[in-house]
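Enquirer: One structure coming up, written as structure tokens, with questions to follow.
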Amino acid sequence: MKVTIDGIEIDVPKGTTILQAARMIGPEVAPPTMCYYSKLKTSGGYCRTCIVKVTQGSAANPTPMPKPVAACRTEVMDGMVVENTINKDVLEARKGVVEFLLVNHPLDCPVCDQAGECSLQDLGYEHGAATSRYEFPRREFERIDIGKYVQLHMNRCIMCFRCVKVADQLTDKRVHGVMHRGDAAEISTYIENVIENDFSGNVIDVCPVGALTDKTFRFKSRVWFTKPVDASCDCKKCSGKVRLWMKGDDVLRVTARKDQWGEAEEFICNECRFDKKKTSDWKIEGPTKVDRHSVISQNHYNHLNELKVQVLKQQKALGFMDINKRP
Amino acid sequence: MGRKLLIHNDKVPNIHTLEVYRAHGGYASVEKALKTMQPDQVTDEVKKSGLRGRGGAGFPTGMKWSFLAKPEGVPRYLVCNADESEPGTFKDRYLMEKIPHALIEGMITSSFALGAKQSYIYIRGEYFYVARILEAAIAEAYAAGWLGKNILGTDFSHDCSVQVGGGAYICGEETALLESLEGKRGNPRIKPPFPAVAGLWGCPTVVNNVETIAAVVPIVNMGGEEYAKIGVGKSTGTKLISASGHINKPGVYEIELGITVEEFIYSEEYCGGIRNGKKLKAVVAGGSSVPILPTELILKTAKGEPRLMTYESLSDGGFLTGTMLGSGGFIAMDEDTSIVKNLFTFSRFYHHESCGQCSPCREGTGWIEKILKKFIDGTANESDVDLLWDIQSKIEGKTICPLGEAAAWPVAAALRHFKHEFIEIAQKKKFVDISHYNRLNNIRP
């Protein structure tokens with residue numbers, strides 16, 4: 001099936017979503033995601049940051065879709081034409097979504113462990129406005145310990161439902177879900193039950209913000225002061241392929257390896273994540289190739305590749321401000 | 001007098017019992033359909049009748065039925081949406097409360113057309129007493145052989161049951177309703193797939209409003225073509241209108257689609273004019289989600305033609321100068337009404353009822369309510385008017401389900417037609433009489 005995204009055509013198999021097709025082309029045209037997670041079934045569709053405009057439904061039925069659609073949950077049709085970064089309405093709507101996500105977010109980045117590798121920070125930086133027009137008190141919750149290792153800080157939650165999907169799909173005996181509705185909705189382990197199973201730690205990795213944090217790492221260090229190293233071990237429960245975050249010779253934190261979209265390549269078990277904090281526990285494979293998904297990638301410049309140039313050219317022709325140029 | 005097809009018997013004593021209902025011609029459509037017609041013929045009659053969904057969207061019912069996937073060996077379901085929670089709408093309650101057998105008869109006939117062996121009536125939690133009425137009626141129908149195995153000696157068997165919801169507005173959205181019916185949290189599903197393909201428990205399902213299903217009874221009895229003669233253009237048949245607000249005779253009225261709005265408001269047969277001799281200021285024509293219109297636009301379209309109570313005429317001019325028939329929740333407001341206060345009430349409702357799945361609606365509805373509270377408190381600035389407009393435009397069309405639009409449209413329409421009221425409050429920094437809202441606010445700060 002042929003689909004055109006931002007003027008770039010690509011051939012994809014049937015059943016591919018717009019988002020997957022855009023990711024195949026490259027990060028230059030891929031819409032941002034906050035709730036979609038390729039490793040979790042039925043994820044996506046909630047945050048609305050990936051909305052795109054379909055200007056041609058398919059070759060057979062070329063009428064445009066009336067509303068913007070969620071790229072992560074819309075399958076491509078043959079001959080579909082999608083506009084993402086070259087559509088002003090889409091960018092404006094996405095800016096609106098960022099603002100909505102920040103309405104009840106405390107913006108406590110200076111004391112948040114996620115700062116530096118936070119999807120919301122990235123999103124706000126790339127698509128948001130510098131100031132919020134929201135002037136009312138934000139919602140507040142008490143911090144809750146769920147299990148020995150994980151802390152839930154609902155103030156920061158943006159309700160992406162990823163952790164709920166992890167609890168549903170990765171672990172058995174689910175006690176993790178959503179209570180209440182609307183802006184009073186909260187992630188909860190029912191009546192503060194503890195998540196006790198071998199893979200519960202993965203909720204930390206899938207959390208796009210700092211709502212679920214690793215208690216063995218809390219306030220130990222800012223992430224950009226730690227050095228990521230790929231390592232592995234023989235683990236009976238998981239693949240044992242992890243990323244160590246080191247300061248000197250100390251292992252401060254262990255996470256799953258994340259790909260260029262900030263998604264875990266393979267989920268890891270709690271033993272690897274929380275208990276093996278010595279270098280002697282691990283076979284070090286070498287330093288991680290730093291991707292864009294972190295401020296630790298600063299000073300690693302991406303040169304303007306051909307794709308980016310193509311997108312910029314289209315934006316310029318439409319009279320856009322160069323959104324990549326900072327004031 | 002307009003023709004009445006749905007609630008013509010509502011004043012008959014004991015019409016809620018099977019005996020009296022049958023004596024007044026009840027269950028004739030079941031007899032006719034099961035004994036003399038094929039399922040597809042019933043669907044054809046509904047198509048010919050031009051019946052459109054009475055729940056709000058106005059989608060042609062016959063077309064919806066024909067979309068139903070019919071794979072072999074997979075059960076199909078008919079679900080009746082009795083989660084009537086649109087503010088200003090109470091027609092389904094009246095129908096179910098007075099003539100429960102009309103709905104059950106419609107359920108059997110419709111299920112026969114769709115080939116559904118099981119149907120459900122999903123009723124909102126606040127209507128618990130109506131659920132009891134329906135359950136009693138269903139028990140009567142079972143005892144008399146209208147439900148159960150081999151109805152009327154044919155090989156059509158059908159079971160119908162009532163499910164009481166928890167009382168959430170969002171469960172009136174068809175996919176949220178199905179989730180709730182399955183025993184899950186009532187969150188709307190992401191479409192596609194549509195319920196006609198994968199609905200209840202993943203099986204093909206048709207979800208119809210109470211009034212739509214009840215309207216199948218007269219359609220089968222009199223024939224689709226005869227039914228289509230009532231009404232104007234693509235708005236055929238009769239419609240129940242829940243009239244409320246500052247009118248002399250609030251209540252449920254069955255109208256022939258096509259009477260003028262002016263007649264509906266001022267004639268003695270229907271609303272009987274505005275109470276206390278006041279002037280009409282504005283009308284919300286189809287339940288709280290549809291745009292509010294000022295008097296000059298509700299009585300006449302922008303082209304100067306008289307506005308009719310039809311799907312097309314009410315939406316004439318788009319949202320700039322028109323509105324929607326919606327679910328038929330007709331709320332009239334007199335000259336003393338504050339649109340700002342009215343909008344605050346609506347917005348408070350949408351904030352309370354947002355399910356919290358997608359961000360624009362979850363955060364936007366609360367934000368809108370808080371800004372409107374500033375207007376009620378008299379602390380708003382003129383810039384808040386523009387902010388309101390901007391927020392609603394960023395909710396509309398960006399959400400999973402239509403609740404986003406339902407929350408955004410009233411704000412947009414109030415600002416479009418009554419902006420001066422907002423500006424006035426912002427300039428004078430004063431609003432009177434907020435005691436009522438303060439009391440309500442204590443329930444949920």
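We label chains A, B, ... in the order they appear in the structure tokens, count residues from 1 in each chain, and number ligands from 1 in the order shown.
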Find the spatial neighbours of B:Ile298, counting only C-alpha atoms, within a cut-off of 12 Å - ignore same-chain residues fewer than 5 positions away - and output them as a PyMOL selection string.
Expert: chain B and resi 260-265+280-286+291-293+303-309+313-317+321-325+330-333+417
Enquirer: Would you please extract all strand (DSSP E or B) residues from stretch 145-190 of chain A, as assigned by DSSP on the backbone, and give them as a PDB file with C-alpha atoms, in the first residue's frame?
Expert:
```
ATOM      1  CA  ASP A 145       4.177   3.655  47.416  1.00  0.00           C
ATOM      2  CA  ILE A 146       3.150   0.792  45.235  1.00  0.00           C
ATOM      3  CA  VAL A 150       7.908   1.971  42.841  1.00  0.00           C
ATOM      4  CA  GLN A 151       6.456   5.274  43.895  1.00  0.00           C
ATOM      5  CA  LEU A 152       3.377   6.779  42.294  1.00  0.00           C
ATOM      6  CA  HIS A 176      -3.583  -1.789  38.944  1.00  0.00           C
ATOM      7  CA  GLY A 177      -6.123   0.362  37.181  1.00  0.00           C
ATOM      8  CA  VAL A 178      -7.951   3.657  36.975  1.00  0.00           C
ATOM      9  CA  MET A 179     -10.342   5.018  39.546  1.00  0.00           C
ATOM     10  CA  GLU A 186      -6.299   8.541  39.017  1.00  0.00           C
ATOM     11  CA  ILE A 187      -4.065   5.561  38.535  1.00  0.00           C
ATOM     12  CA  SER A 188      -4.463   3.325  41.494  1.00  0.00           C
ATOM     13  CA  THR A 189      -3.524  -0.015  42.842  1.00  0.00           C
TER      14      THR A 189
END
```
Enquirer: Pick the closest to chain B from A:Lys289, A:His180, A:Lys308, A:Lys276: which is it, counting only C-alpha atoms?
Expert: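 Under the stated criterion, the closest residue is A:His180.
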Enquirer: Any idea which chain B residues end up within 9 Å of chain A if we count only C-alpha atoms, as a ChimeraX atom specification please?
Expert: /B:185,190-192,351-367,370-371,387,390-391,393-395,397-400
Enquirer: How about saving the chosen residues, C-alpha atoms kept, as a PDB file, in the first residue's frame?
Expert:
```
ATOM      1  CA  ARG B 185     -15.432   0.773  33.080  1.00  0.00           C
ATOM      2  CA  ILE B 190     -11.744   3.935  19.765  1.00  0.00           C
ATOM      3  CA  LYS B 191     -13.525   3.532  16.458  1.00  0.00           C
ATOM      4  CA  PRO B 192     -13.213   1.737  14.076  1.00  0.00           C
ATOM      5  CA  HIS B 351     -16.714  18.589  33.493  1.00  0.00           C
ATOM      6  CA  HIS B 352     -18.342  16.214  35.935  1.00  0.00           C
ATOM      7  CA  GLU B 353     -19.172  13.678  33.246  1.00  0.00           C
ATOM      8  CA  SER B 354     -15.949  13.587  31.232  1.00  0.00           C
ATOM      9  CA  CYS B 355     -14.591  10.046  31.383  1.00  0.00           C
ATOM     10  CA  GLY B 356     -10.947  11.097  31.553  1.00  0.00           C
ATOM     11  CA  GLN B 357      -9.621   9.028  28.686  1.00  0.00           C
ATOM     12  CA  CYS B 358      -8.385  11.633  26.247  1.00  0.00           C
ATOM     13  CA  SER B 359      -6.619  14.795  27.263  1.00  0.00           C
ATOM     14  CA  PRO B 360      -8.511  17.601  25.474  1.00  0.00           C
ATOM     15  CA  CYS B 361     -11.830  16.714  27.082  1.00  0.00           C
ATOM     16  CA  ARG B 362     -10.440  15.647  30.456  1.00  0.00           C
ATOM     17  CA  GLU B 363      -8.503  18.846  31.024  1.00  0.00           C
ATOM     18  CA  GLY B 364     -10.450  21.219  28.799  1.00  0.00           C
ATOM     19  CA  THR B 365     -13.872  20.713  30.369  1.00  0.00           C
ATOM     20  CA  GLY B 366     -12.528  21.468  33.834  1.00  0.00           C
ATOM     21  CA  TRP B 367     -10.684  24.491  32.564  1.00  0.00           C
ATOM     22  CA  LYS B 370     -13.205  27.210  36.128  1.00  0.00           C
ATOM     23  CA  ILE B 371     -13.107  30.161  33.749  1.00  0.00           C
ATOM     24  CA  LEU B 387      -9.499  32.144  26.046  1.00  0.00           C
ATOM     25  CA  ASP B 390      -9.704  29.125  22.046  1.00  0.00           C
ATOM     26  CA  ILE B 391     -10.152  26.254  24.498  1.00  0.00           C
ATOM     27  CA  SER B 393     -11.904  25.180  19.487  1.00  0.00           C
ATOM     28  CA  LYS B 394      -9.064  22.985  20.692  1.00  0.00           C
ATOM     29  CA  ILE B 395     -11.424  20.410  22.192  1.00  0.00           C
ATOM     30  CA  GLY B 397     -13.058  17.360  16.898  1.00  0.00           C
ATOM     31  CA  LYS B 398      -9.922  16.244  18.710  1.00  0.00           C
ATOM     32  CA  THR B 399     -11.453  13.720  21.075  1.00  0.00           C
ATOM     33  CA  ILE B 400     -12.220   9.998  20.965  1.00  0.00           C
TER      34      ILE B 400
END
```
Enquirer: Run DSSP on the backbone and tell me which residues of stretch 185-324 of chain A come out as alpha helix (DSSP H); list them as a ChimeraX atom specification.
Expert: /A:202-206,270,306-317
Enquirer: Using Å and a single decimal, report how far atom CA of A:Cys157 sits from atom CA of B:Glu174.
Expert: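 Going from atom CA of B:Glu174 over to atom CA of A:Cys157, I get 28.0 Å.
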Enquirer: List the spatial neighbours of stretch 155-165 of chain B as a CSV table (one decimal) with N, CA and C atoms, in the first residue's frame - criterion: any atom at most 10 Å away, only C-alpha atoms, same-chain residues fewer than 6 positions off excluded.
Expert:
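Printed below is around_32.csv as written:
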```
chain,number,residue,atom,x,y,z
B,34,LEU,N,-43.7,-11.4,12.5
B,34,LEU,CA,-43.3,-12.8,12.6
B,34,LEU,C,-44.1,-13.7,11.7
B,78,LEU,N,-29.1,-6.8,19.8
B,78,LEU,CA,-29.7,-5.5,19.7
B,78,LEU,C,-29.6,-4.9,21.1
B,79,VAL,N,-29.1,-3.7,21.2
B,79,VAL,CA,-29.0,-3.0,22.5
B,79,VAL,C,-29.8,-1.8,22.5
B,80,CYS,N,-30.7,-1.6,23.4
B,80,CYS,CA,-31.5,-0.4,23.5
B,80,CYS,C,-30.8,0.6,24.4
B,82,ALA,N,-31.1,3.2,26.7
B,82,ALA,CA,-32.1,4.0,27.5
B,82,ALA,C,-31.3,4.8,28.6
B,83,ASP,N,-30.0,5.0,28.2
B,83,ASP,CA,-29.2,5.8,29.1
B,83,ASP,C,-29.4,7.3,28.8
B,104,ILE,N,-40.9,-2.8,24.5
B,104,ILE,CA,-40.6,-4.2,24.4
B,104,ILE,C,-41.1,-4.8,23.1
B,107,MET,N,-38.6,-3.9,20.6
B,107,MET,CA,-37.4,-4.7,20.8
B,107,MET,C,-37.6,-6.0,20.1
B,108,ILE,N,-38.8,-6.6,20.2
B,108,ILE,CA,-39.0,-7.9,19.6
B,108,ILE,C,-39.0,-7.8,18.1
B,111,SER,N,-35.5,-7.0,16.8
B,111,SER,CA,-34.6,-8.1,16.9
B,111,SER,C,-34.9,-9.2,15.9
B,112,PHE,N,-36.2,-9.3,15.5
B,112,PHE,CA,-36.6,-10.2,14.5
B,112,PHE,C,-36.0,-9.8,13.2
B,115,GLY,N,-32.2,-10.4,13.5
B,115,GLY,CA,-31.8,-11.8,13.8
B,115,GLY,C,-31.1,-11.9,15.1
B,116,ALA,N,-31.5,-11.1,16.0
B,116,ALA,CA,-30.8,-11.1,17.3
B,116,ALA,C,-31.7,-12.0,18.3
B,117,LYS,N,-31.0,-12.9,18.9
B,117,LYS,CA,-31.7,-13.8,19.8
B,117,LYS,C,-31.7,-13.2,21.2
B,118,GLN,N,-30.9,-12.3,21.5
B,118,GLN,CA,-30.8,-11.7,22.8
B,118,GLN,C,-30.8,-10.1,22.6
B,119,SER,N,-31.5,-9.4,23.4
B,119,SER,CA,-31.4,-8.0,23.4
B,119,SER,C,-31.3,-7.5,24.8
B,120,TYR,N,-30.7,-6.3,24.9
B,120,TYR,CA,-30.6,-5.7,26.2
B,120,TYR,C,-31.1,-4.3,26.2
B,121,ILE,N,-31.7,-3.9,27.3
B,121,ILE,CA,-32.1,-2.5,27.5
B,121,ILE,C,-31.2,-2.0,28.5
B,122,TYR,N,-30.3,-1.1,28.1
B,122,TYR,CA,-29.3,-0.5,29.1
B,122,TYR,C,-29.9,0.8,29.6
B,123,ILE,N,-30.3,0.8,30.8
B,123,ILE,CA,-31.0,2.0,31.3
B,123,ILE,C,-30.2,2.7,32.4
B,124,ARG,N,-30.2,4.0,32.5
B,124,ARG,CA,-29.3,4.7,33.4
B,124,ARG,C,-29.7,4.4,34.8
B,125,GLY,N,-28.8,4.5,35.7
B,125,GLY,CA,-29.0,4.2,37.1
B,125,GLY,C,-30.1,5.0,37.8
B,126,GLU,N,-30.2,6.3,37.4
B,126,GLU,CA,-31.2,7.2,38.0
B,126,GLU,C,-32.6,6.8,37.7
B,127,TYR,N,-32.7,5.9,36.7
B,127,TYR,CA,-34.1,5.5,36.3
B,127,TYR,C,-34.4,4.1,36.9
B,128,PHE,N,-33.9,3.9,38.1
B,128,PHE,CA,-34.1,2.5,38.7
B,128,PHE,C,-35.6,2.1,38.8
B,130,VAL,N,-37.9,3.1,36.7
B,130,VAL,CA,-38.3,2.8,35.4
B,130,VAL,C,-37.9,1.4,35.0
B,131,ALA,N,-36.7,1.0,35.5
B,131,ALA,CA,-36.2,-0.3,35.2
B,131,ALA,C,-37.1,-1.4,35.8
B,132,ARG,N,-37.7,-1.0,37.0
B,132,ARG,CA,-38.6,-2.0,37.7
B,132,ARG,C,-39.9,-2.1,36.8
B,134,LEU,N,-40.1,-1.7,33.6
B,134,LEU,CA,-39.7,-2.5,32.4
B,134,LEU,C,-39.6,-4.0,32.8
B,135,GLU,N,-39.0,-4.3,33.9
B,135,GLU,CA,-38.8,-5.7,34.3
B,135,GLU,C,-40.2,-6.3,34.5
B,138,ILE,N,-41.6,-7.0,31.1
B,138,ILE,CA,-40.9,-8.1,30.5
B,138,ILE,C,-41.4,-9.4,31.0
B,139,ALA,N,-41.6,-9.5,32.4
B,139,ALA,CA,-42.1,-10.7,33.0
B,139,ALA,C,-43.5,-11.0,32.5
B,141,ALA,N,-44.6,-10.2,29.5
B,141,ALA,CA,-44.4,-10.6,28.1
B,141,ALA,C,-44.0,-12.0,28.1
B,142,TYR,N,-43.1,-12.4,29.0
B,142,TYR,CA,-42.6,-13.8,29.0
B,142,TYR,C,-43.8,-14.7,29.3
B,146,TRP,N,-44.8,-13.7,24.6
B,146,TRP,CA,-44.3,-12.7,23.6
B,146,TRP,C,-42.8,-12.7,23.6
B,147,LEU,N,-42.2,-13.2,24.7
B,147,LEU,CA,-40.8,-13.4,24.7
B,147,LEU,C,-40.5,-14.8,25.1
B,148,GLY,N,-39.3,-15.3,24.8
B,148,GLY,CA,-39.0,-16.7,25.2
B,148,GLY,C,-38.8,-17.5,23.9
B,149,LYS,N,-39.1,-18.8,24.1
B,149,LYS,CA,-38.8,-19.7,23.0
B,149,LYS,C,-40.0,-19.7,22.0
B,171,CYS,N,-22.0,6.9,29.4
B,171,CYS,CA,-22.5,5.6,29.0
B,171,CYS,C,-23.6,5.7,28.0
B,172,GLY,N,-24.0,6.9,27.7
B,172,GLY,CA,-25.0,7.0,26.6
B,172,GLY,C,-24.3,7.0,25.2
B,177,LEU,N,-21.3,2.5,26.3
B,177,LEU,CA,-22.5,1.7,26.8
B,177,LEU,C,-22.2,0.3,26.7
B,180,SER,N,-19.7,-0.8,29.4
B,180,SER,CA,-20.4,-0.8,30.7
B,180,SER,C,-21.3,-2.1,30.8
B,181,LEU,N,-21.9,-2.4,29.6
B,181,LEU,CA,-22.8,-3.5,29.6
B,181,LEU,C,-22.0,-4.8,29.8
B,183,GLY,N,-19.6,-5.0,31.7
B,183,GLY,CA,-19.2,-5.0,33.1
B,183,GLY,C,-17.9,-4.3,33.3
B,186,GLY,N,-17.0,2.3,32.0
B,186,GLY,CA,-17.7,2.9,30.8
B,186,GLY,C,-16.9,3.9,30.1
```
Enquirer: One decimal, Å: what's the distance from atom CA of A:Ile25 over to atom CA of A:Asp11, could you say?
Expert: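 Answer for the atom CA of A:Ile25 to atom CA of A:Asp11 separation: 9.9 Å.
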Enquirer: Excluding same-chain residues fewer than 3 positions from B:Pro193, what lies within 12 Å of it counting only C-alpha atoms, as a list of chain:residue names?
Expert: A:Arg73, A:Thr74, A:Glu75, B:Leu68, B:Ala69, B:Thr175, B:Arg189, B:Ile190, B:Ala196, B:Val197, B:Ala198, B:Gly199, B:Leu200, B:Gly202, B:Cys203, B:Pro204, B:Thr205
Enquirer: Could you state the separation of atom CA of B:Gly26 and atom CA of B:Ala143 in Å, given to one decimal place?
Expert: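 Value for the atom CA of B:Gly26-atom CA of B:Ala143 distance: 15.6 Å.
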Enquirer: Give me, as a count of residues only, all polymer residues having an atom no more than 10 Å from A:Leu120, counting only C-alpha atoms and skipping those fewer than 4 positions away in the same chain.
Expert: 17
Enquirer: Can you tell me which residues surround A:Lys215 at a distance of at most 12 Å, considering only C-alpha atoms, apart from same-chain residues fewer than 6 positions away, and format the answer as a CSV table (one decimal) with C-alpha atoms, in the first residue's frame?
Expert:
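Below is the file around-v8.csv, written as the result:
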```
chain,number,residue,atom,x,y,z
A,113,ASP,CA,13.7,12.4,38.6
A,144,ILE,CA,1.7,6.5,47.1
A,145,ASP,CA,4.2,3.7,47.4
A,146,ILE,CA,3.2,0.8,45.2
A,147,GLY,CA,5.3,-2.1,46.2
A,148,LYS,CA,8.8,-1.9,47.6
A,149,TYR,CA,10.4,-0.2,44.6
A,150,VAL,CA,7.9,2.0,42.8
A,151,GLN,CA,6.5,5.3,43.9
A,152,LEU,CA,3.4,6.8,42.3
A,153,HIS,CA,3.2,10.5,42.2
A,201,GLY,CA,9.1,-2.5,37.6
A,204,ILE,CA,8.6,2.9,35.5
A,252,LEU,CA,22.9,4.1,40.0
A,253,ARG,CA,20.1,2.7,38.0
A,254,VAL,CA,19.1,-0.1,35.7
A,273,ARG,CA,16.2,-3.8,37.6
A,274,PHE,CA,16.3,-3.3,41.4
A,275,ASP,CA,18.7,-5.9,42.9
```
